[in-house]
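Engineer: Below are the structure tokens for one structure; questions will follow.
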Amino acid sequence: MRDIYLFLLPALLLLTACSASDDPADFSGMGDCVSLSFNMVANTPITASSRADDQGHKEIDSEFRNFEDGVDIGDLGIFIFAKIAGTTSEEKLIYKLTNLLDYDDGRISIVGNGGNYFVNLMIRKDDLKDVLGGYEISAQGQSIITFRILLVANCGSVSANPTAMWNAVNGQTFSAVLSQLSDWNFAMSDIYTADGGPGVDAFYGTNDSHIPMFGTDAFAVTEAGLYLSRPEDRVYLGDINLLRSLAKIRVVDNIKNKDAEGYPRIAAVEFLSSQSECKVLPAGALNYEDGQQVHSPNIFGENPNLTLDGTYSLGTMPDAWSQTPSSQRTGDVYVGFVQKKKIGYA
């Protein structure tokens with residue numbers, strides 16, 4: 001998996017409030033809530049120096065943005081957990097939202113433009129007290145509160161009924177929710193069209209499909225800062241990165257000494273796979289650290305004999321999108337998105 005900043009389509013400009021009635025227009029209960037926000041960054045170039053790890057993985061800015069970075073806001077799971085830092089208690093669920101297109105909860109909004117989107121969230125102090133085992137925060141308190149954010153996107157292919165799918169995730173701790181999500185998979189046929197091509201956008205991302213993604217991080221907040229937070233002075237938690245559940249393959253035709261008709265050249269590229277489905281979560285999701293590369297594959301189903309279970313073509317990348325300048329190639333750039341694999345031989 002590769003890590004990627006979230007590209008959210010479209011932006012939502014919504015009012016936010018918090019009250020006992022959950023009425024988005026009722027601002028009377030603001031004092032009964034804490035105010036948080038975190039950032040999802042879109043359309044931001046990712047350089048090799050800032051997104052490379054010690055094993056030589058180079059991050060390339062997105063080329064096929066709608067498919068590579070797109071997030072279906074009707075299929076985006078947002079889970080918020082909390083605990084008192086330094087305690088042995090588990091991170092407990094305090095907020096869950098799985099469809100930004102169909103909700104009437106005034107506690108959350110997404111605002112922004114120009115590629116920066118802020119998620120603003122209100123959490124009732126009474127709900128926080130329950131999650132913290134009866135501990136009531138105060139302006140004089142010295143505790144540190146840890147908030148864990150979990151984002152899971154574009155998983156609708158798991159079920160023909162996305163609402164029922166998300167409702168079935170009823171775990172009340174971070175580990176319990178991940179345990180339930182660990183069974184989720186998606187079929188390559190939901191994002192790949194075998195009779196498409198030759199362009200990459202005719203093979204992948206047809207029917208407005210996007211790559212399933214996962215991201216999580218934990219943030220420490222002082223008790224006093226949390227208690228005194230307000231909608232106009234929110235506690236800013238930080239940025240959240242997302243991992244794509246597919247690996248990106250790029251093949252560049254840079255064959256020298258071509259003739260006047262462009263030969264010899266690469267005419268087509270195919271990936272022969274022993275899997276036709278993928279897992280949504282990465283390996284080691286419970287201990288994943290935000291922004292890190294994942295080097296172990298999370299295989300949907302073992303195929304010890306490595307028998308063929310799918311053939312996936314790489315499509316040509318339009319010149320206007322390609323990150324490989326014409327000076328570094330003599331032909332087309334072919335791109336495809338495939339499941340991560342174990343290395344082995346039949």
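Ordered as shown in the structure tokens, chains take letters A, B, and onward, while each chain numbers its residues from 1 and ligands are numbered from 1 in the order shown.
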Going by DSSP on the backbone, which bits of segment 257-333 of chain A are helix (DSSP H, G or I)? Write them as an NGL selection string, please.
Structural biologist: :A and (285-287 or 326-328)
Engineer: Restrict the selected residues to all heavy atoms and save them as a PDB file, in the first residue's frame.
Structural biologist:
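selection.pdb, written as the output of this step:
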ATOM      1  N   ALA A 285      -2.815  -3.578  10.800  1.00  0.00           N
ATOM      2  CA  ALA A 285      -3.579  -2.333  10.917  1.00  0.00           C
ATOM      3  C   ALA A 285      -3.662  -1.836  12.361  1.00  0.00           C
ATOM      4  O   ALA A 285      -3.667  -0.630  12.610  1.00  0.00           O
ATOM      5  CB  ALA A 285      -4.984  -2.519  10.350  1.00  0.00           C
ATOM      6  N   LEU A 286      -3.710  -2.755  13.334  1.00  0.00           N
ATOM      7  CA  LEU A 286      -3.867  -2.361  14.729  1.00  0.00           C
ATOM      8  C   LEU A 286      -2.685  -1.530  15.216  1.00  0.00           C
ATOM      9  O   LEU A 286      -2.844  -0.626  16.042  1.00  0.00           O
ATOM     10  CB  LEU A 286      -4.033  -3.601  15.610  1.00  0.00           C
ATOM     11  CG  LEU A 286      -4.297  -3.360  17.097  1.00  0.00           C
ATOM     12  CD1 LEU A 286      -5.608  -2.600  17.299  1.00  0.00           C
ATOM     13  CD2 LEU A 286      -4.325  -4.678  17.859  1.00  0.00           C
ATOM     14  N   ASN A 287      -1.508  -1.818  14.686  1.00  0.00           N
ATOM     15  CA  ASN A 287      -0.298  -1.112  15.118  1.00  0.00           C
ATOM     16  C   ASN A 287       0.230  -0.163  14.056  1.00  0.00           C
ATOM     17  O   ASN A 287       1.375   0.297  14.154  1.00  0.00           O
ATOM     18  CB  ASN A 287       0.785  -2.134  15.483  1.00  0.00           C
ATOM     19  CG  ASN A 287       0.369  -3.030  16.633  1.00  0.00           C
ATOM     20  OD1 ASN A 287      -0.098  -2.557  17.665  1.00  0.00           O
ATOM     21  ND2 ASN A 287       0.512  -4.331  16.445  1.00  0.00           N
ATOM     22  N   SER A 326       8.135  13.899 -21.356  1.00  0.00           N
ATOM     23  CA  SER A 326       8.422  13.313 -22.665  1.00  0.00           C
ATOM     24  C   SER A 326       9.913  13.110 -22.882  1.00  0.00           C
ATOM     25  O   SER A 326      10.322  12.208 -23.628  1.00  0.00           O
ATOM     26  CB  SER A 326       7.838  14.195 -23.779  1.00  0.00           C
ATOM     27  OG  SER A 326       8.359  15.515 -23.694  1.00  0.00           O
ATOM     28  N   SER A 327      10.743  13.909 -22.226  1.00  0.00           N
ATOM     29  CA  SER A 327      12.196  13.774 -22.381  1.00  0.00           C
ATOM     30  C   SER A 327      12.735  12.497 -21.759  1.00  0.00           C
ATOM     31  O   SER A 327      13.865  12.095 -22.041  1.00  0.00           O
ATOM     32  CB  SER A 327      12.889  14.987 -21.756  1.00  0.00           C
ATOM     33  OG  SER A 327      12.603  15.063 -20.359  1.00  0.00           O
ATOM     34  N   GLN A 328      11.920  11.839 -20.912  1.00  0.00           N
ATOM     35  CA  GLN A 328      12.365  10.621 -20.239  1.00  0.00           C
ATOM     36  C   GLN A 328      11.711   9.370 -20.797  1.00  0.00           C
ATOM     37  O   GLN A 328      11.747   8.305 -20.176  1.00  0.00           O
ATOM     38  CB  GLN A 328      12.085  10.736 -18.735  1.00  0.00           C
ATOM     39  CG  GLN A 328      12.862  11.843 -18.055  1.00  0.00           C
ATOM     40  CD  GLN A 328      12.573  11.932 -16.571  1.00  0.00           C
ATOM     41  OE1 GLN A 328      12.016  11.012 -15.960  1.00  0.00           O
ATOM     42  NE2 GLN A 328      12.957  13.046 -15.954  1.00  0.00           N
TER      43      GLN A 328
END
Engineer: Give me the residues within 7 Å of segment 245-255 of chain A as a list in words, counting only C-alpha atoms and dropping any in the same chain fewer than 4 places off.
Structural biologist: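 Everything that qualifies: Met1, Arg2, Ile211, Pro212, Met213, Arg265, Ile266, Val280, Arg329, Thr330, Gly331, Asp332, Val333, Tyr334, Val335, Gly336, Phe337, Val338, Gln339 and Lys340 of chain A.
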Engineer: Which residue gives the smallest distance to Phe38 of chain A among A:Thr88, A:Gln293, A:Ser109, A:Asn167, with only C-alpha atoms counted?
Structural biologist: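 Closest candidate: A:Ser109.
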Engineer: As an MDAnalysis selection string, please: the residues near Ala139 of chain A (cut-off 7 Å, only C-alpha atoms, same-chain neighbours under 4 positions excluded).
Structural biologist: chainID A and resid 224 227:228
Engineer: Grab the residues selected above and save them as a tab-separated table (two decimals), in the first residue's frame with N, CA, C and O atoms.
Structural biologist:
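What follows is the written file result13.tsv:
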chain	number	residue	atom	x	y	z
A	224	ALA	N	-7.34	20.69	29.89
A	224	ALA	CA	-7.79	22.07	29.98
A	224	ALA	C	-8.09	22.64	28.60
A	224	ALA	O	-9.10	23.33	28.39
A	227	TYR	N	-11.38	21.19	27.43
A	227	TYR	CA	-12.54	21.74	28.15
A	227	TYR	C	-12.87	23.15	27.66
A	227	TYR	O	-14.05	23.52	27.54
A	228	LEU	N	-11.85	23.95	27.38
A	228	LEU	CA	-12.06	25.35	26.99
A	228	LEU	C	-12.28	25.54	25.50
A	228	LEU	O	-12.48	26.66	25.04
Engineer: Enumerate, as an MDAnalysis selection string, the complete set of residues in segment 211-281 of chain A that a backbone-based DSSP assignment places in strand (DSSP E).
Structural biologist: chainID A and resid 213:222 235:239 241:244 247:252 269:273 277:279
Engineer: May I ask for the distance between atom CA of Asp102 of chain A and atom CA of His210 of chain A, given in Å to one decimal place?
Structural biologist: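 So the two atoms, atom CA of Asp102 of chain A and atom CA of His210 of chain A, lie 19.5 Å apart.
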Engineer: Please determine, counting only C-alpha atoms, which residue among A:Leu36, A:Ala194, A:Met122, A:Cys278 has the shortest atom-to-atom distance to Phe147 of chain A.
Structural biologist: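 Closest to Phe147 of chain A of all the choices is A:Leu36.
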Engineer: For Ser37 of chain A, which residue among A:Val169, A:Ile73, A:Val177, A:Ile108 is the nearest when counting only C-alpha atoms?
Structural biologist: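 Counting only C-alpha atoms, the residue closest to Ser37 of chain A is A:Ile108.
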Engineer: So how many Å separate atom CA of Ser209 of chain A and atom CA of Phe79 of chain A, to one decimal?
Structural biologist: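 Between atom CA of Ser209 of chain A and atom CA of Phe79 of chain A the gap works out to 22.5 Å.
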Engineer: List the spatial neighbours of Asp195 of chain A as number ranges by chain - criterion: any atom at most 10 Å away, only C-alpha atoms, same-chain residues fewer than 4 positions off excluded.
Structural biologist: A: 202-203, 313
Engineer: In Å, rounded to a single decimal, give me how far atom CA of Ser296 of chain A is from atom CA of Gly315 of chain A.
Structural biologist: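 Rounded to one decimal, the two atoms are 26.5 Å apart.
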